[in-house]
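First up is the structure itself, then whatever we jot down about it.
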Amino acid sequence: MASAAASASSMLCLSLQNPTKTLHFSIKTHSFHFLKPQLPAFRRYSTGVTPISPLRGISCNCSSTNTTHYEFSDGSSEVELRLQLGGQDVLSAKDIFVDADGTSLTVKVQQAGSIITLIDTNSLFEKIKPAETIWYIDDDQLVISLKKQDPNLKWPDIMESWESLSAGSMQLLKGTSIYIVGDSTEINQKVARELAVALGYTPLVTKELLETFAKQTVDSWVVAEGSDSVAEAESAILESLSSHVRAVVATLGGSHGAATRTDKWRHLYSGFSIWLSQTEATDEDSAKEEARRHIKDGNVGYTNADVVVKLQGWDAGHAKSVAQASLSALKRLILSDKKLPGKKSLYIRLGCRGDWPNIKPPGWDPSNAADAAPPATLPN
């Protein structure tokens with residue numbers, strides 16, 4: 001991975017089919033997260049959180065037996081959650097169960113001999129300090145105070161969702177552009193558009209820029225002059241875009257894109273790169289083996305991209321789900337090394353010389369044989 005350190009890399013594998021199952025494993029210094037959700041599982045992230053009042057009231061269907069309304073506020077070092085108990089026959093604190101751990105929160109109440117779940121999520125916006133959780137009853141509300149692991153991170157909402165990731169990513173990215181690379185031009189474009197709208201970034205598509213310049217389709221260009229010519233032209237476009245901020249750039253997929261060539265990544269390093277890759281892996285063992293094979297073979301996406309998102313199956317209607325997974329992986333990557341956006345900015349100011357992630361001092365010249373790194377080799 002082309003990040004400040006291999007251990008800071010972030011890889012999220014997303015499947016859009018099969019029953020929900022989360023598998024965690026690691027290979028060498030790379031961290032992988034293989035997620036296999038049912039499509040309905042995304043509903044609570046993308047549409048289950050909607051504003052209902054100016055006081056940040058939220059309506060949330062969080063694996064609950066009923067719809068729970070809550071108010072949320074961020075007080076710097078801690079976040080406060082107020083759950084409505086109206087209508088619940090809660091006699092005392094003994095009727096309430098609160099369990100907070102890491103990024104999970106479960107709240108249940110006992111009513112007339114039955115246990116009712118008010119909220120149950122394993123997707124808090126970020127990690128908390130469970131030992132410092134405080135809760136109490138205030139009139140008809142249950143007030144829960146959660147201590148944040150990172151007091152400098154502003155939480156847009158209690159849970160990680162499409163909306164909270166969209167709002168919360170701005171403070172982390174600090175204007176750094178995003179490059180969507182991968183196997184499919186169509187997937188790259190659709191996911192890039194979702195990200196651009198969510199972040200308020202400018203959407204740019206290298207395919208459209210290339211076809212406007214050449215006055216022909218990319219396919220006809222490949223037939224006429226070969227894929228190397230197209231990759232060289234896209235590389236020139238990426239050079240011109242490398243100084244741009246707040247842009248989401250969708251690159252060419254397939255074998256004729258610049259991103260499939262190791263020696264064309266010089267300007268892709270100027271932003272956060274997300275490699276979108278389809279997979280046929282259906283379980284932990286096959287996912288491990290696939291990852292090992294790609295790393296061993298020097299696959300460009302695995303070795304150069306900041307984030308890899310793997311998806312099993314594709315439909316254009318799933319673009320927002322893939323975009324959400326991408327933002328989640330980027331969030332984890334940047335939180336593991338908050339200097340990354342500043343380091344990207346420095347890399348641009350020094351001229352995108354290809355010395356990522358180990359940036360050389362000013363005056364370093366890659367064309368000088370004494371300074372230049374060993375020549376890049378293409379994967380087999």
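Here, A, B, ... name the chains of the structure tokens in the order displayed, residue numbers run from 1 inside each chain, and ligands are numbered from 1 in the same displayed order.
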
### Task
Determine, counting only C-alpha atoms, which protein, DNA and RNA residues have an atom within 9 Å of an atom of range 339-341 of chain A; residues of the same chain fewer than 5 positions away are not included. Present the result as a PyMOL selection string.
chain A and resi 3-4+172-176+271-272+333-334+346

Picked from range 91-198 of chain A by DSSP as helix (DSSP H, G or I), as a tab-separated table (two decimals) with all heavy atoms, in the first residue's frame:
```tsv
chain	number	residue	atom	x	y	z
A	93	ALA	N	-33.85	2.49	37.50
A	93	ALA	CA	-32.64	2.20	36.73
A	93	ALA	C	-32.42	0.71	36.57
A	93	ALA	O	-31.74	0.26	35.64
A	93	ALA	CB	-31.43	2.84	37.42
A	94	LYS	N	-33.01	-0.09	37.47
A	94	LYS	CA	-32.85	-1.54	37.37
A	94	LYS	C	-33.56	-2.11	36.14
A	94	LYS	O	-33.30	-3.24	35.74
A	94	LYS	CB	-33.40	-2.22	38.64
A	94	LYS	CG	-32.58	-1.91	39.89
A	94	LYS	CD	-33.07	-2.70	41.09
A	94	LYS	CE	-34.48	-2.28	41.47
A	94	LYS	NZ	-34.93	-2.99	42.71
A	95	ASP	N	-34.45	-1.32	35.55
A	95	ASP	CA	-35.16	-1.78	34.36
A	95	ASP	C	-34.41	-1.46	33.07
A	95	ASP	O	-34.90	-1.73	31.98
A	95	ASP	CB	-36.55	-1.12	34.28
A	95	ASP	CG	-37.42	-1.50	35.46
A	95	ASP	OD1	-37.38	-2.67	35.86
A	95	ASP	OD2	-38.12	-0.61	35.99
A	130	PRO	N	-15.23	2.61	26.84
A	130	PRO	CA	-16.42	2.02	27.49
A	130	PRO	C	-16.43	2.14	29.00
A	130	PRO	O	-17.49	2.27	29.62
A	130	PRO	CB	-16.37	0.56	27.04
A	130	PRO	CG	-14.97	0.30	26.61
A	130	PRO	CD	-14.48	1.61	26.06
A	131	ALA	N	-15.26	2.11	29.64
A	131	ALA	CA	-15.19	2.16	31.10
A	131	ALA	C	-15.67	3.51	31.64
A	131	ALA	O	-16.00	3.62	32.83
A	131	ALA	CB	-13.77	1.89	31.58
A	132	GLU	N	-15.72	4.54	30.79
A	132	GLU	CA	-16.11	5.87	31.23
A	132	GLU	C	-17.52	6.25	30.78
A	132	GLU	O	-17.88	7.42	30.75
A	132	GLU	CB	-15.09	6.90	30.73
A	132	GLU	CG	-13.69	6.67	31.26
A	132	GLU	CD	-12.71	7.75	30.85
A	132	GLU	OE1	-13.06	8.94	30.95
A	132	GLU	OE2	-11.60	7.41	30.42
A	162	TRP	N	-24.09	6.78	5.93
A	162	TRP	CA	-23.77	7.54	4.72
A	162	TRP	C	-23.76	9.03	5.02
A	162	TRP	O	-22.85	9.75	4.62
A	162	TRP	CB	-24.77	7.21	3.63
A	162	TRP	CG	-24.66	8.02	2.38
A	162	TRP	CD1	-25.59	8.85	1.84
A	162	TRP	CD2	-23.53	8.07	1.48
A	162	TRP	NE1	-25.13	9.42	0.68
A	162	TRP	CE2	-23.86	8.95	0.43
A	162	TRP	CE3	-22.28	7.46	1.47
A	162	TRP	CZ2	-22.99	9.25	-0.62
A	162	TRP	CZ3	-21.41	7.76	0.42
A	162	TRP	CH2	-21.78	8.63	-0.60
A	163	GLU	N	-24.77	9.48	5.76
A	163	GLU	CA	-24.87	10.90	6.07
A	163	GLU	C	-23.74	11.36	6.99
A	163	GLU	O	-23.12	12.40	6.78
A	163	GLU	CB	-26.23	11.21	6.71
A	163	GLU	CG	-27.41	11.12	5.76
A	163	GLU	CD	-27.90	9.69	5.57
A	163	GLU	OE1	-27.32	8.78	6.19
A	163	GLU	OE2	-28.85	9.49	4.78
A	164	SER	N	-23.45	10.59	8.05
A	164	SER	CA	-22.42	11.01	8.99
A	164	SER	C	-21.02	10.92	8.38
A	164	SER	O	-20.16	11.75	8.65
A	164	SER	CB	-22.49	10.18	10.28
A	164	SER	OG	-22.19	8.82	10.03
A	165	LEU	N	-20.79	9.92	7.54
A	165	LEU	CA	-19.50	9.81	6.86
A	165	LEU	C	-19.31	10.97	5.88
A	165	LEU	O	-18.22	11.53	5.78
A	165	LEU	CB	-19.40	8.49	6.11
A	165	LEU	CG	-19.08	7.25	6.95
A	165	LEU	CD1	-19.27	5.99	6.13
A	165	LEU	CD2	-17.67	7.32	7.51
A	166	SER	N	-20.38	11.32	5.18
A	166	SER	CA	-20.30	12.43	4.23
A	166	SER	C	-19.94	13.73	4.95
A	166	SER	O	-19.09	14.51	4.49
A	166	SER	CB	-21.63	12.60	3.50
A	166	SER	OG	-21.96	11.43	2.77
A	167	ALA	N	-20.59	13.97	6.10
A	167	ALA	CA	-20.32	15.20	6.85
A	167	ALA	C	-18.99	15.14	7.59
A	167	ALA	O	-18.26	16.13	7.66
A	167	ALA	CB	-21.47	15.44	7.84
A	168	GLY	N	-18.65	13.97	8.13
A	168	GLY	CA	-17.46	13.86	8.95
A	168	GLY	C	-16.17	13.72	8.19
A	168	GLY	O	-15.09	13.99	8.74
A	169	SER	N	-16.24	13.32	6.93
A	169	SER	CA	-15.02	13.11	6.16
A	169	SER	C	-14.31	14.40	5.80
A	169	SER	O	-13.09	14.41	5.60
A	169	SER	CB	-15.33	12.33	4.88
A	169	SER	OG	-15.76	11.02	5.17
A	170	MET	N	-15.04	15.50	5.74
A	170	MET	CA	-14.44	16.77	5.35
A	170	MET	C	-13.33	17.19	6.32
A	170	MET	O	-12.28	17.68	5.90
A	170	MET	CB	-15.52	17.85	5.29
A	170	MET	CG	-16.61	17.57	4.25
A	170	MET	SD	-15.95	17.42	2.58
A	170	MET	CE	-15.37	19.08	2.31
A	171	GLN	N	-13.56	16.99	7.63
A	171	GLN	CA	-12.56	17.38	8.62
A	171	GLN	C	-11.30	16.53	8.53
A	171	GLN	O	-10.22	16.94	8.93
A	171	GLN	CB	-13.14	17.26	10.03
A	171	GLN	CG	-13.56	15.84	10.40
A	171	GLN	CD	-14.20	15.75	11.76
A	171	GLN	OE1	-13.64	16.21	12.74
A	171	GLN	NE2	-15.38	15.14	11.82
A	172	LEU	N	-11.44	15.31	7.96
A	172	LEU	CA	-10.30	14.41	7.85
A	172	LEU	C	-9.55	14.61	6.54
A	172	LEU	O	-8.31	14.64	6.52
A	172	LEU	CB	-10.78	12.96	7.94
A	172	LEU	CG	-11.45	12.55	9.26
A	172	LEU	CD1	-12.04	11.15	9.16
A	172	LEU	CD2	-10.47	12.64	10.41
A	173	LEU	N	-10.27	14.76	5.45
A	173	LEU	CA	-9.64	14.90	4.13
A	173	LEU	C	-8.90	16.23	3.98
A	173	LEU	O	-7.90	16.31	3.25
A	173	LEU	CB	-10.69	14.78	3.03
A	173	LEU	CG	-11.31	13.38	2.84
A	173	LEU	CD1	-12.53	13.47	1.91
A	173	LEU	CD2	-10.29	12.41	2.28
A	185	THR	N	-14.36	0.90	-15.63
A	185	THR	CA	-14.58	2.33	-15.85
A	185	THR	C	-15.96	2.74	-15.36
A	185	THR	O	-16.12	3.79	-14.73
A	185	THR	CB	-14.44	2.67	-17.34
A	185	THR	OG1	-13.12	2.32	-17.78
A	185	THR	CG2	-14.67	4.15	-17.59
A	186	GLU	N	-16.96	1.90	-15.63
A	186	GLU	CA	-18.33	2.21	-15.22
A	186	GLU	C	-18.45	2.32	-13.70
A	186	GLU	O	-19.02	3.29	-13.17
A	186	GLU	CB	-19.30	1.14	-15.71
A	186	GLU	CG	-20.74	1.37	-15.25
A	186	GLU	CD	-21.60	0.13	-15.34
A	186	GLU	OE1	-21.12	-0.91	-15.83
A	186	GLU	OE2	-22.77	0.20	-14.90
A	187	ILE	N	-17.90	1.35	-12.98
A	187	ILE	CA	-17.97	1.37	-11.53
A	187	ILE	C	-17.22	2.58	-10.98
A	187	ILE	O	-17.70	3.29	-10.08
A	187	ILE	CB	-17.40	0.07	-10.94
A	187	ILE	CG1	-18.27	-1.11	-11.34
A	187	ILE	CG2	-17.31	0.17	-9.41
A	187	ILE	CD1	-17.74	-2.46	-10.88
A	188	ASN	N	-16.04	2.85	-11.53
A	188	ASN	CA	-15.26	4.01	-11.08
A	188	ASN	C	-16.07	5.30	-11.21
A	188	ASN	O	-16.09	6.13	-10.29
A	188	ASN	CB	-13.97	4.13	-11.91
A	188	ASN	CG	-13.01	2.99	-11.67
A	188	ASN	OD1	-13.18	2.19	-10.76
A	188	ASN	ND2	-11.99	2.89	-12.51
A	189	GLN	N	-16.74	5.46	-12.34
A	189	GLN	CA	-17.48	6.70	-12.59
A	189	GLN	C	-18.67	6.84	-11.65
A	189	GLN	O	-18.90	7.92	-11.08
A	189	GLN	CB	-17.96	6.73	-14.04
A	189	GLN	CG	-16.84	6.91	-15.06
A	189	GLN	CD	-17.35	6.92	-16.49
A	189	GLN	OE1	-18.55	6.85	-16.72
A	189	GLN	NE2	-16.44	6.97	-17.44
A	190	LYS	N	-19.44	5.77	-11.49
A	190	LYS	CA	-20.66	5.87	-10.67
A	190	LYS	C	-20.34	6.08	-9.20
A	190	LYS	O	-21.00	6.86	-8.51
A	190	LYS	CB	-21.52	4.61	-10.88
A	190	LYS	CG	-22.11	4.53	-12.29
A	190	LYS	CD	-23.10	3.41	-12.43
A	190	LYS	CE	-23.68	3.36	-13.86
A	190	LYS	NZ	-24.38	4.59	-14.20
A	191	VAL	N	-19.32	5.41	-8.70
A	191	VAL	CA	-18.93	5.58	-7.30
A	191	VAL	C	-18.33	6.97	-7.09
A	191	VAL	O	-18.60	7.63	-6.08
A	191	VAL	CB	-17.95	4.48	-6.87
A	191	VAL	CG1	-17.41	4.75	-5.46
A	191	VAL	CG2	-18.62	3.12	-6.92
A	192	ALA	N	-17.55	7.44	-8.05
A	192	ALA	CA	-16.95	8.77	-7.96
A	192	ALA	C	-18.02	9.85	-7.89
A	192	ALA	O	-17.90	10.82	-7.12
A	192	ALA	CB	-16.01	9.02	-9.14
A	193	ARG	N	-19.07	9.72	-8.68
A	193	ARG	CA	-20.14	10.71	-8.67
A	193	ARG	C	-20.84	10.75	-7.31
A	193	ARG	O	-21.18	11.82	-6.80
A	193	ARG	CB	-21.14	10.43	-9.79
A	193	ARG	CG	-20.60	10.76	-11.19
A	193	ARG	CD	-21.70	10.78	-12.24
A	193	ARG	NE	-21.17	11.11	-13.56
A	193	ARG	CZ	-20.87	10.22	-14.49
A	193	ARG	NH1	-21.03	8.93	-14.24
A	193	ARG	NH2	-20.39	10.61	-15.66
A	194	GLU	N	-21.09	9.57	-6.72
A	194	GLU	CA	-21.72	9.53	-5.40
A	194	GLU	C	-20.83	10.23	-4.36
A	194	GLU	O	-21.32	11.00	-3.53
A	194	GLU	CB	-21.96	8.08	-4.97
A	194	GLU	CG	-23.02	7.35	-5.79
A	194	GLU	CD	-24.43	7.81	-5.48
A	194	GLU	OE1	-24.63	8.57	-4.51
A	194	GLU	OE2	-25.36	7.42	-6.22
A	195	LEU	N	-19.55	9.97	-4.42
A	195	LEU	CA	-18.62	10.59	-3.47
A	195	LEU	C	-18.55	12.10	-3.66
A	195	LEU	O	-18.52	12.86	-2.69
A	195	LEU	CB	-17.23	9.98	-3.63
A	195	LEU	CG	-17.05	8.55	-3.10
A	195	LEU	CD1	-15.67	8.02	-3.50
A	195	LEU	CD2	-17.21	8.50	-1.59
A	196	ALA	N	-18.51	12.54	-4.91
A	196	ALA	CA	-18.41	13.97	-5.19
A	196	ALA	C	-19.62	14.72	-4.66
A	196	ALA	O	-19.49	15.79	-4.04
A	196	ALA	CB	-18.26	14.19	-6.69
A	197	VAL	N	-20.82	14.17	-4.87
A	197	VAL	CA	-22.03	14.81	-4.38
A	197	VAL	C	-22.03	14.86	-2.85
A	197	VAL	O	-22.35	15.88	-2.24
A	197	VAL	CB	-23.28	14.07	-4.89
A	197	VAL	CG1	-24.54	14.60	-4.20
A	197	VAL	CG2	-23.41	14.23	-6.40
A	198	ALA	N	-21.64	13.75	-2.23
A	198	ALA	CA	-21.67	13.67	-0.77
A	198	ALA	C	-20.69	14.65	-0.13
A	198	ALA	O	-20.99	15.26	0.90
A	198	ALA	CB	-21.36	12.24	-0.33
```

### Message
Residues near Ser240 in chain A, anyone? I mean within 12 Å using only C-alpha atoms, not counting same-chain ones fewer than 3 positions away, as a PyMOL selection string.
### Response
chain A and resi 206+209+233-237+243-245+249+266-268+270+348+351-352

Based on the selection just made, write C-alpha atoms of those residues as a short mmCIF file (atom, residue, chain, number, x, y, z; two decimals), in the first residue's frame.
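Saved file out20.cif follows:
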```
data_model
loop_
_atom_site.label_atom_id
_atom_site.label_comp_id
_atom_site.auth_asym_id
_atom_site.auth_seq_id
_atom_site.Cartn_x
_atom_site.Cartn_y
_atom_site.Cartn_z
CA THR A 206 -10.77 11.07 -17.32
CA LEU A 209 -11.73 14.40 -20.86
CA ALA A 233 -2.65 10.39 -22.54
CA GLU A 234 -4.53 9.65 -19.31
CA SER A 235 -1.27 10.05 -17.39
CA ALA A 236 -0.88 13.53 -18.89
CA ILE A 237 -4.42 14.40 -17.76
CA SER A 243 -2.64 20.17 -8.26
CA HIS A 244 -6.43 20.33 -7.94
CA VAL A 245 -8.07 20.09 -4.52
CA VAL A 249 -11.47 11.80 -10.24
CA ARG A 266 3.39 9.49 -9.91
CA HIS A 267 0.45 11.89 -10.01
CA LEU A 268 -2.14 9.50 -8.56
CA SER A 270 -1.25 13.38 -5.01
CA ILE A 348 2.08 18.15 -4.45
CA GLY A 351 6.11 18.61 -7.67
CA CYS A 352 4.72 15.07 -7.47
#
```

### Message
Ranking A:Met159, A:Ala224, A:Val107, A:Leu327 by minimum distance to Asn122 in chain A and counting only C-alpha atoms, which one comes first?
### Response
A:Met159

### Message
Just to confirm, what's the straight-line distance from CA of Ile180 in chain A to CA of Ala258 in chain A in Å (one decimal)?
### Response
12.0 Å

### Task
DSSP on the backbone, then: every residue of range 190-250 of chain A marked strand (DSSP E), written as a ChimeraX atom specification.
/A:202-205,247-250

Put those residues in a file: N, CA, C and O atoms, as a compact mmCIF listing (two decimals), in the first residue's frame.
```txt
# COMPACT_ATOMS: atom_id res chain seq x y z
N THR A 202 -15.67 18.42 -6.69
CA THR A 202 -15.88 18.50 -8.13
C THR A 202 -15.69 17.11 -8.75
O THR A 202 -14.64 16.50 -8.58
N PRO A 203 -16.71 16.60 -9.49
CA PRO A 203 -16.54 15.30 -10.14
C PRO A 203 -15.82 15.44 -11.48
O PRO A 203 -16.19 16.28 -12.31
N LEU A 204 -14.78 14.66 -11.68
CA LEU A 204 -14.03 14.68 -12.94
C LEU A 204 -13.88 13.25 -13.45
O LEU A 204 -13.63 12.33 -12.66
N VAL A 205 -14.01 13.08 -14.76
CA VAL A 205 -13.95 11.75 -15.36
C VAL A 205 -12.91 11.78 -16.47
O VAL A 205 -13.07 12.49 -17.47
N ALA A 247 -11.53 17.44 -5.41
CA ALA A 247 -12.04 16.80 -6.63
C ALA A 247 -12.07 15.29 -6.42
O ALA A 247 -11.26 14.73 -5.68
N VAL A 248 -13.05 14.64 -7.04
CA VAL A 248 -13.09 13.18 -7.10
C VAL A 248 -12.91 12.79 -8.56
O VAL A 248 -13.74 13.15 -9.40
N VAL A 249 -11.84 12.11 -8.86
CA VAL A 249 -11.47 11.80 -10.24
C VAL A 249 -11.72 10.32 -10.51
O VAL A 249 -11.14 9.45 -9.84
N ALA A 250 -12.57 10.03 -11.48
CA ALA A 250 -12.81 8.66 -11.92
C ALA A 250 -11.88 8.35 -13.07
O ALA A 250 -11.89 9.04 -14.09
```

### Message
What does the structure give for the distance between CA of Val223 in chain A and CA of His256 in chain A, in Å to one decimal?
### Response
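One can read the CA of Val223 in chain A to CA of His256 in chain A distance as 11.0 Å.
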
### Nearest to Ser336 in chain A by atom-to-atom distance, counting only C-alpha atoms, from A:Tyr179, A:Asp150, A:Arg246, A:Asp283
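Smallest separation from Ser336 in chain A among the options: A:Asp150.
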